[in-house]
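data_28.txt (compact mmCIF, C-alpha atoms) appears below.
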# COMPACT_ATOMS: atom_id res chain seq x y z
CA MET A 20 58.01 115.46 105.73
CA SER A 21 61.72 115.26 105.14
CA LYS A 22 63.40 112.05 106.23
CA LYS A 23 66.86 111.90 107.70
CA LEU A 24 69.39 109.18 108.53
CA SER A 25 72.57 109.92 110.48
CA ILE A 26 75.25 107.30 110.99
CA ILE A 27 78.11 107.46 113.46
CA ALA A 28 80.83 105.51 111.64
CA MET A 29 83.27 104.48 114.34
CA SER A 30 84.41 101.10 113.07
CA GLY A 31 87.15 100.90 110.49
CA ASP A 32 86.15 97.34 109.59
CA PHE A 33 85.68 96.51 105.93
CA ASP A 34 82.32 94.77 106.41
CA LYS A 35 80.97 97.59 108.56
CA ALA A 36 82.10 100.15 105.97
CA ILE A 37 80.04 98.18 103.42
CA ALA A 38 77.05 98.42 105.79
CA ILE A 39 77.60 102.17 106.27
CA PHE A 40 77.67 102.97 102.53
CA THR A 41 74.90 100.48 101.67
CA LEU A 42 72.60 102.22 104.13
CA ALA A 43 73.84 105.69 103.17
CA SER A 44 73.44 105.27 99.39
CA GLY A 45 70.17 103.35 99.75
CA ALA A 46 68.65 105.94 102.06
CA ALA A 47 69.83 108.81 99.85
CA ALA A 48 68.34 107.07 96.81
CA VAL A 49 64.90 106.95 98.43
CA GLY A 50 65.03 110.63 99.33
CA TYR A 51 66.61 110.72 102.79
CA GLU A 52 69.03 113.40 103.87
CA VAL A 53 72.05 111.35 105.01
CA ASN A 54 74.78 112.44 107.41
CA LEU A 55 77.85 110.29 108.01
CA PHE A 56 79.93 111.18 111.04
CA PHE A 57 83.32 109.44 110.92
CA THR A 58 85.17 109.00 114.18
CA PHE A 59 88.17 107.00 115.44
CA TRP A 60 88.84 103.96 113.21
CA GLY A 61 86.08 105.17 110.91
CA LEU A 62 88.40 108.00 109.86
CA ASN A 63 90.51 105.42 107.97
CA ILE A 64 87.62 104.99 105.53
CA ILE A 65 87.75 108.63 104.41
CA LYS A 66 91.52 109.16 104.25
CA LYS A 67 92.65 110.63 100.94
CA ASN A 68 95.51 108.11 100.84
CA THR A 69 93.81 104.76 100.38
CA GLY A 70 96.92 102.75 101.30
CA ARG A 71 99.44 102.96 104.14
CA SER A 72 101.17 106.28 104.64
CA PHE A 73 102.93 108.12 107.46
CA ILE A 74 100.42 110.94 107.80
CA GLY A 75 99.54 112.89 110.93
CA LYS A 76 101.15 115.21 113.41
CA GLY A 77 103.72 113.66 115.74
CA LEU A 78 105.77 110.47 115.61
CA MET A 79 103.23 108.25 117.38
CA ALA A 80 100.37 109.50 115.22
CA ARG A 81 102.42 108.87 112.07
CA PHE A 82 103.12 105.26 113.08
CA PHE A 83 99.50 104.73 114.09
CA ASN A 84 98.25 106.06 110.76
CA PHE A 85 100.75 103.94 108.85
CA LEU A 86 99.65 100.78 110.66
CA LEU A 87 95.96 101.63 110.33
CA GLY A 88 96.26 102.52 106.66
CA GLY A 89 93.41 103.77 104.50
CA ARG A 90 90.40 102.40 102.68
CA LYS A 91 92.39 99.61 101.01
CA ASN A 92 93.65 98.32 104.37
CA LEU A 93 90.32 97.97 106.18
CA PRO A 94 90.24 94.57 107.91
CA LEU A 95 87.28 92.18 107.90
CA SER A 96 85.79 92.08 111.42
CA ARG A 97 85.91 88.27 111.36
CA LEU A 98 88.21 85.85 109.47
CA ASN A 99 90.48 88.64 108.27
CA PHE A 100 93.39 86.25 107.48
CA ALA A 101 96.05 88.98 107.66
CA GLY A 102 94.18 91.23 105.25
CA ALA A 103 93.51 88.63 102.54
CA SER A 104 89.79 88.32 103.24
CA PRO A 105 88.67 91.80 102.15
CA HIS A 106 90.19 91.09 98.71
CA LEU A 107 88.49 87.67 98.57
CA MET A 108 85.23 89.22 99.72
CA THR A 109 85.46 91.93 97.04
CA ALA A 110 86.08 89.27 94.39
CA MET A 111 83.04 87.33 95.62
CA MET A 112 80.92 90.47 95.60
CA LYS A 113 82.02 91.28 92.04
CA SER A 114 81.34 87.74 90.79
CA ARG A 115 77.86 87.86 92.34
CA ASN A 116 77.23 91.37 90.97
CA VAL A 117 76.87 92.96 94.39
CA ALA A 118 78.19 96.53 94.73
CA THR A 119 81.74 96.75 96.10
CA LEU A 120 82.97 99.28 98.66
CA PRO A 121 84.35 101.75 96.04
CA GLU A 122 81.04 101.55 94.11
CA LEU A 123 78.96 102.15 97.25
CA LEU A 124 81.19 105.05 98.27
CA GLN A 125 80.90 106.60 94.79
CA ALA A 126 77.11 106.13 94.81
CA SER A 127 76.96 107.86 98.21
CA ILE A 128 79.00 110.76 96.81
CA ASP A 129 76.83 110.95 93.67
CA LEU A 130 73.68 111.06 95.80
CA LYS A 131 75.07 113.90 97.89
CA VAL A 132 75.46 112.11 101.20
CA ASN A 133 77.03 114.48 103.74
CA PHE A 134 80.43 113.46 105.12
CA PHE A 135 81.70 114.81 108.44
CA ALA A 136 84.81 114.08 110.50
CA CYS A 137 85.07 114.03 114.28
CA GLU A 138 87.22 116.81 115.62
CA MET A 139 88.36 115.03 118.78
CA ALA A 140 89.41 111.79 117.05
CA MET A 141 91.30 113.86 114.47
CA VAL A 142 93.27 115.53 117.25
CA VAL A 143 94.12 112.15 118.83
CA LEU A 144 95.33 110.72 115.50
CA GLY A 145 97.03 113.97 114.48
CA LEU A 146 94.94 114.25 111.32
CA LYS A 147 93.71 117.39 109.57
CA LYS A 148 90.82 117.97 107.17
CA GLU A 149 93.22 117.95 104.18
CA ASP A 150 94.10 114.31 104.99
CA PHE A 151 90.57 113.29 103.99
CA ILE A 152 88.72 113.03 100.70
CA PRO A 153 87.38 116.43 99.55
CA GLN A 154 83.77 115.32 100.10
CA VAL A 155 84.29 115.73 103.85
CA LYS A 156 82.23 118.88 104.33
CA ASP A 157 83.17 119.80 107.83
CA VAL A 158 84.87 118.86 111.07
CA LEU A 159 82.37 118.51 113.92
CA GLY A 160 81.94 117.80 117.60
CA VAL A 161 79.10 116.11 119.50
CA ALA A 162 76.94 119.22 119.86
CA LYS A 163 76.90 119.95 116.12
CA PHE A 164 76.30 116.28 115.27
CA LEU A 165 73.29 116.15 117.62
CA GLU A 166 71.95 119.29 116.00
CA LEU A 167 72.39 117.77 112.51
CA SER A 168 70.84 114.42 113.43
CA ASN A 169 67.93 115.90 115.37
CA ASP A 170 64.48 114.64 114.28
CA GLY A 171 65.92 111.80 112.23
CA GLN A 172 67.11 108.25 112.73
CA THR A 173 70.61 107.69 114.07
CA LEU A 174 72.73 104.55 113.85
CA PHE A 175 76.06 103.69 115.43
CA ILE A 176 78.21 101.36 113.34
CA MET B 16 62.73 115.45 75.62
CA SER B 17 64.72 112.24 75.50
CA THR B 18 64.30 108.67 76.66
CA VAL B 19 66.93 106.99 78.82
CA LYS B 20 67.08 103.20 79.18
CA LEU B 21 68.36 101.53 82.33
CA ASP B 22 68.70 97.80 82.96
CA ILE B 23 68.91 96.88 86.64
CA THR B 24 67.89 93.25 86.26
CA LYS B 25 71.38 92.09 87.29
CA GLU B 26 71.69 94.51 90.23
CA HIS B 27 71.02 93.91 93.92
CA CYS B 28 70.10 96.11 96.86
CA PRO B 29 70.87 99.00 97.17
CA MET B 30 72.15 99.48 93.59
CA THR B 31 68.73 98.79 92.05
CA PHE B 32 67.20 101.99 93.37
CA VAL B 33 70.56 103.79 93.67
CA LYS B 34 71.18 103.48 89.90
CA THR B 35 67.57 104.49 89.19
CA LYS B 36 67.87 107.59 91.37
CA ILE B 37 71.24 108.59 89.85
CA ALA B 38 69.76 108.20 86.34
CA LEU B 39 66.73 110.31 87.28
CA GLU B 40 68.93 113.02 88.79
CA ARG B 41 70.99 113.26 85.60
CA MET B 42 67.93 113.66 83.39
CA ALA B 43 66.26 116.93 82.43
CA VAL B 44 62.68 117.73 83.40
CA GLY B 45 60.34 116.03 80.91
CA ASP B 46 62.80 113.23 80.07
CA VAL B 47 61.59 109.66 80.35
CA LEU B 48 63.39 106.78 82.04
CA GLU B 49 62.62 103.20 81.02
CA VAL B 50 63.83 100.84 83.72
CA LEU B 51 64.06 97.08 83.24
CA LEU B 52 63.85 95.35 86.61
CA THR B 53 63.02 92.02 88.19
CA THR B 54 60.11 91.06 90.42
CA GLY B 55 60.53 91.17 94.18
CA GLU B 56 62.36 93.98 95.90
CA PRO B 57 63.14 96.10 92.78
CA LEU B 58 59.57 95.93 91.43
CA ASP B 59 58.17 96.67 94.90
CA ASN B 60 60.48 99.59 95.65
CA VAL B 61 61.59 101.39 92.49
CA PRO B 62 58.15 102.66 91.39
CA LYS B 63 57.15 103.38 95.00
CA SER B 64 60.24 105.42 95.86
CA ALA B 65 60.08 107.27 92.51
CA THR B 66 56.47 108.30 93.23
CA GLU B 67 57.34 109.32 96.79
CA GLN B 68 60.06 111.60 95.48
CA GLY B 69 57.76 113.40 93.09
CA TYR B 70 58.57 111.59 89.84
CA THR B 71 55.71 110.29 87.69
CA VAL B 72 55.39 106.56 87.10
CA HIS B 73 53.51 106.10 83.81
CA SER B 74 53.43 102.36 83.34
CA THR B 75 54.59 99.01 84.61
CA THR B 76 54.68 96.43 81.83
CA GLN B 77 55.53 92.75 82.14
CA ILE B 78 58.27 91.82 79.64
CA SER B 79 58.90 88.21 80.63
CA ALA B 80 58.16 85.88 83.55
CA ASP B 81 60.11 87.90 86.10
CA VAL B 82 61.16 91.06 84.23
CA TYR B 83 59.12 94.25 84.12
CA GLN B 84 59.64 97.62 82.44
CA VAL B 85 58.74 100.67 84.50
CA THR B 86 58.43 104.03 82.74
CA ILE B 87 59.15 107.07 84.87
CA SER B 88 59.29 110.74 83.90
CA LYS B 89 60.95 113.62 85.65

Go ahead and express the file in the form of structure tokens.
Amino acid sequence: MSKKLSIIAMSGDFDKAIAIFTLASGAAAVGYEVNLFFTFWGLNIIKKNTGRSFIGKGLMARFFNFLLGGRKNLPLSRLNFAGASPHLMTAMMKSRNVATLPELLQASIDLKVNFFACEMAMVVLGLKKEDFIPQVKDVLGVAKFLELSNDGQTLFI
Amino acid sequence: MSTVKLDITKEHCPMTFVKTKIALERMAVGDVLEVLLTTGEPLDNVPKSATEQGYTVHSTTQISADVYQVTISK
């Protein structure tokens, strides 16, 4: 029987991104098919530009995307301290030999986790598929996601 | 046929079995992977998940008090 894990990645928080890629890489390593569906703030995790940049269609979208930033700007959901904490947390993870966010993301890519982006959230934020890392396979809506996640386990993070 | 060595004694979840799986994927059929791992979660899960995914676990040998070597072939 094939096993499947689908995760709706809505949060753009650093700690939740760690949870997403820990589960994704771990599940893929034990033979699960893994689907990650990035929506709203979760889209920041898969932006090609990892820092702040004025991307997107329209003035508002460009400001929003600049303020949100990319993977290097993800805030900690608690005790963020103006963005200092994710760096401190990464240093602690490294010193304790726990995989960091870039390592978990790379492991997920190596283990062929499927990345998808939410069409509706992309429209709101004025983003297009080319704004994301090339591993993003497709742009989907709810119906297609339900079809993909059918008969598996689904998590919302 | 070649033998690949992998030391995951310093790794933690999920990188213990993630690194094992990546190593196994990169090997050719017939190659052998010798994994050094610690007791607890890695020793419980690495041989089990390798077997579940159709790899062959040949041996589990105790190296020291809490380190084991697991030999897996593709």

Set out as JSON lines a contact list for chain A and chain B with a cut-off of 10 Å, giving each residue of chain A that qualifies its closest atom pair and distance in Å to one decimal, counting only C-alpha atoms, ordered by chain and rising residue number.
{"residue": "A:Phe40", "atom": "CA", "partner": "B:Pro29", "partner_atom": "CA", "distance": 9.5}
{"residue": "A:Thr41", "atom": "CA", "partner": "B:Pro29", "partner_atom": "CA", "distance": 6.2}
{"residue": "A:Leu42", "atom": "CA", "partner": "B:Pro29", "partner_atom": "CA", "distance": 7.9}
{"residue": "A:Ala43", "atom": "CA", "partner": "B:Pro29", "partner_atom": "CA", "distance": 9.5}
{"residue": "A:Ser44", "atom": "CA", "partner": "B:Val33", "partner_atom": "CA", "distance": 6.6}
{"residue": "A:Gly45", "atom": "CA", "partner": "B:Pro29", "partner_atom": "CA", "distance": 5.1}
{"residue": "A:Ala46", "atom": "CA", "partner": "B:Pro29", "partner_atom": "CA", "distance": 8.8}
{"residue": "A:Ala47", "atom": "CA", "partner": "B:Val33", "partner_atom": "CA", "distance": 8.0}
{"residue": "A:Ala48", "atom": "CA", "partner": "B:Val33", "partner_atom": "CA", "distance": 5.1}
{"residue": "A:Val49", "atom": "CA", "partner": "B:Ser64", "partner_atom": "CA", "distance": 5.5}
{"residue": "A:Gly50", "atom": "CA", "partner": "B:Gln68", "partner_atom": "CA", "distance": 6.4}
{"residue": "A:Tyr51", "atom": "CA", "partner": "B:Gln68", "partner_atom": "CA", "distance": 9.9}
{"residue": "A:Arg115", "atom": "CA", "partner": "B:Lys25", "partner_atom": "CA", "distance": 9.2}
{"residue": "A:Asn116", "atom": "CA", "partner": "B:Glu26", "partner_atom": "CA", "distance": 6.4}
{"residue": "A:Val117", "atom": "CA", "partner": "B:His27", "partner_atom": "CA", "distance": 5.9}
{"residue": "A:Ala118", "atom": "CA", "partner": "B:Met30", "partner_atom": "CA", "distance": 6.8}
{"residue": "A:Glu122", "atom": "CA", "partner": "B:Met30", "partner_atom": "CA", "distance": 9.1}
{"residue": "A:Leu123", "atom": "CA", "partner": "B:Met30", "partner_atom": "CA", "distance": 8.2}
{"residue": "A:Ala126", "atom": "CA", "partner": "B:Val33", "partner_atom": "CA", "distance": 7.0}
{"residue": "A:Ser127", "atom": "CA", "partner": "B:Val33", "partner_atom": "CA", "distance": 8.8}
{"residue": "A:Asp129", "atom": "CA", "partner": "B:Ile37", "partner_atom": "CA", "distance": 7.2}
{"residue": "A:Leu130", "atom": "CA", "partner": "B:Ile37", "partner_atom": "CA", "distance": 6.9}

Got a sec: who's within 12 Å of segment 87-89 of chain B, counting only C-alpha atoms, leaving out chain neighbours fewer than 5 positions off, as a count of residues only? 37

Pick from A:Ser30, A:Asn84, A:Ser25, A:Asn133, whichever lies nearest to Gly145 of chain A using all atoms listed in the file: A:Asn84

As an NGL selection string, please: the residues near Gly75 of chain A (cut-off 8 Å, all atoms listed in the file, same-chain neighbours under 4 positions excluded). :A and (80-81 or 84 or 144-147)

How about saving the chosen residues, C-alpha atoms kept, as a PDB file, in the coordinates of the input?
ATOM      1  CA  ALA A  80     100.370 109.500 115.220  1.00  0.00           C
ATOM      2  CA  ARG A  81     102.420 108.870 112.070  1.00  0.00           C
ATOM      3  CA  ASN A  84      98.250 106.060 110.760  1.00  0.00           C
ATOM      4  CA  LEU A 144      95.330 110.720 115.500  1.00  0.00           C
ATOM      5  CA  GLY A 145      97.030 113.970 114.480  1.00  0.00           C
ATOM      6  CA  LEU A 146      94.940 114.250 111.320  1.00  0.00           C
ATOM      7  CA  LYS A 147      93.710 117.390 109.570  1.00  0.00           C
TER       8      LYS A 147
END

If you measure from atom CA of Met108 of chain A to atom CA of Gly88 of chain A, what distance in Å do you get, rounded to one decimal?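 Separating atom CA of Met108 of chain A from atom CA of Gly88 of chain A is a distance of 18.6 Å.
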
Length of the atom CA of Ile27 of chain A to atom CA of Thr58 of chain A vector [Å]: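 Interatomic distance, atom CA of Ile27 of chain A to atom CA of Thr58 of chain A: 7.3 Å.
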
May I ask for the distance between atom CA of Gly70 of chain A and atom CA of Asn92 of chain A, given in Å to one decimal place? 6.3 Å

Working from the structure I just supplied, which lacks atoms in segment 40-73 of chain B, can you model N, CA and C atoms there and output them as a tab-separated table (two decimals), in the coordinates of the input?
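Listed below is the output, selection_36.tsv:
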chain	number	residue	atom	x	y	z
B	40	GLU	N	68.31	111.73	88.45
B	40	GLU	CA	68.93	113.02	88.79
B	40	GLU	C	69.66	113.63	87.59
B	41	ARG	N	70.23	112.76	86.76
B	41	ARG	CA	70.99	113.26	85.60
B	41	ARG	C	70.11	113.68	84.43
B	42	MET	N	68.83	113.33	84.49
B	42	MET	CA	67.93	113.66	83.39
B	42	MET	C	67.38	115.08	83.52
B	43	ALA	N	66.89	115.61	82.40
B	43	ALA	CA	66.26	116.93	82.43
B	43	ALA	C	64.77	116.74	82.70
B	44	VAL	N	64.13	117.79	83.16
B	44	VAL	CA	62.68	117.73	83.40
B	44	VAL	C	61.97	117.41	82.09
B	45	GLY	N	61.07	116.44	82.12
B	45	GLY	CA	60.34	116.03	80.91
B	45	GLY	C	60.92	114.78	80.28
B	46	ASP	N	62.19	114.45	80.61
B	46	ASP	CA	62.80	113.23	80.07
B	46	ASP	C	62.12	111.99	80.67
B	47	VAL	N	62.24	110.89	79.92
B	47	VAL	CA	61.59	109.66	80.35
B	47	VAL	C	62.65	108.59	80.61
B	48	LEU	N	62.48	107.87	81.70
B	48	LEU	CA	63.39	106.78	82.04
B	48	LEU	C	62.64	105.45	81.92
B	49	GLU	N	63.21	104.54	81.13
B	49	GLU	CA	62.62	103.20	81.02
B	49	GLU	C	63.52	102.23	81.78
B	50	VAL	N	63.02	101.71	82.88
B	50	VAL	CA	63.83	100.84	83.72
B	50	VAL	C	63.39	99.39	83.57
B	51	LEU	N	64.35	98.52	83.26
B	51	LEU	CA	64.06	97.08	83.24
B	51	LEU	C	64.46	96.54	84.60
B	52	LEU	N	63.54	95.87	85.28
B	52	LEU	CA	63.85	95.35	86.61
B	52	LEU	C	63.15	94.02	86.85
B	53	THR	N	63.59	93.34	87.90
B	53	THR	CA	63.02	92.02	88.19
B	53	THR	C	61.93	92.15	89.25
B	54	THR	N	61.15	91.09	89.39
B	54	THR	CA	60.11	91.06	90.42
B	54	THR	C	60.77	90.99	91.80
B	55	GLY	N	59.99	91.17	92.81
B	55	GLY	CA	60.53	91.17	94.18
B	55	GLY	C	60.87	92.57	94.61
B	56	GLU	N	61.98	92.70	95.30
B	56	GLU	CA	62.36	93.98	95.90
B	56	GLU	C	62.43	95.13	94.89
B	57	PRO	N	63.09	94.96	93.71
B	57	PRO	CA	63.14	96.10	92.78
B	57	PRO	C	61.75	96.55	92.29
B	58	LEU	N	60.90	95.57	91.93
B	58	LEU	CA	59.57	95.93	91.43
B	58	LEU	C	58.72	96.56	92.54
B	59	ASP	N	58.92	96.10	93.77
B	59	ASP	CA	58.17	96.67	94.90
B	59	ASP	C	58.63	98.10	95.20
B	60	ASN	N	59.94	98.32	95.13
B	60	ASN	CA	60.48	99.59	95.65
B	60	ASN	C	60.75	100.69	94.64
B	61	VAL	N	61.19	100.34	93.44
B	61	VAL	CA	61.59	101.39	92.49
B	61	VAL	C	60.41	102.30	92.13
B	62	PRO	N	59.25	101.75	91.71
B	62	PRO	CA	58.15	102.66	91.39
B	62	PRO	C	57.66	103.42	92.61
B	63	LYS	N	57.64	102.75	93.77
B	63	LYS	CA	57.15	103.38	95.00
B	63	LYS	C	58.04	104.56	95.41
B	64	SER	N	59.38	104.33	95.41
B	64	SER	CA	60.24	105.42	95.86
B	64	SER	C	60.28	106.55	94.84
B	65	ALA	N	60.12	106.23	93.54
B	65	ALA	CA	60.08	107.27	92.51
B	65	ALA	C	58.85	108.17	92.73
B	66	THR	N	57.70	107.53	92.99
B	66	THR	CA	56.47	108.30	93.23
B	66	THR	C	56.61	109.17	94.47
B	67	GLU	N	57.16	108.57	95.53
B	67	GLU	CA	57.34	109.32	96.79
B	67	GLU	C	58.20	110.56	96.62
B	68	GLN	N	59.15	110.47	95.67
B	68	GLN	CA	60.06	111.60	95.48
B	68	GLN	C	59.59	112.58	94.41
B	69	GLY	N	58.35	112.41	93.98
B	69	GLY	CA	57.76	113.40	93.09
B	69	GLY	C	57.94	113.12	91.60
B	70	TYR	N	58.49	111.95	91.25
B	70	TYR	CA	58.57	111.59	89.84
B	70	TYR	C	57.25	110.94	89.44
B	71	THR	N	56.97	110.88	88.14
B	71	THR	CA	55.71	110.29	87.69
B	71	THR	C	55.96	108.91	87.09
B	72	VAL	N	55.30	107.91	87.65
B	72	VAL	CA	55.39	106.56	87.10
B	72	VAL	C	54.23	106.38	86.13
B	73	HIS	N	54.56	106.17	84.84
B	73	HIS	CA	53.51	106.10	83.81
B	73	HIS	C	52.99	104.70	83.60
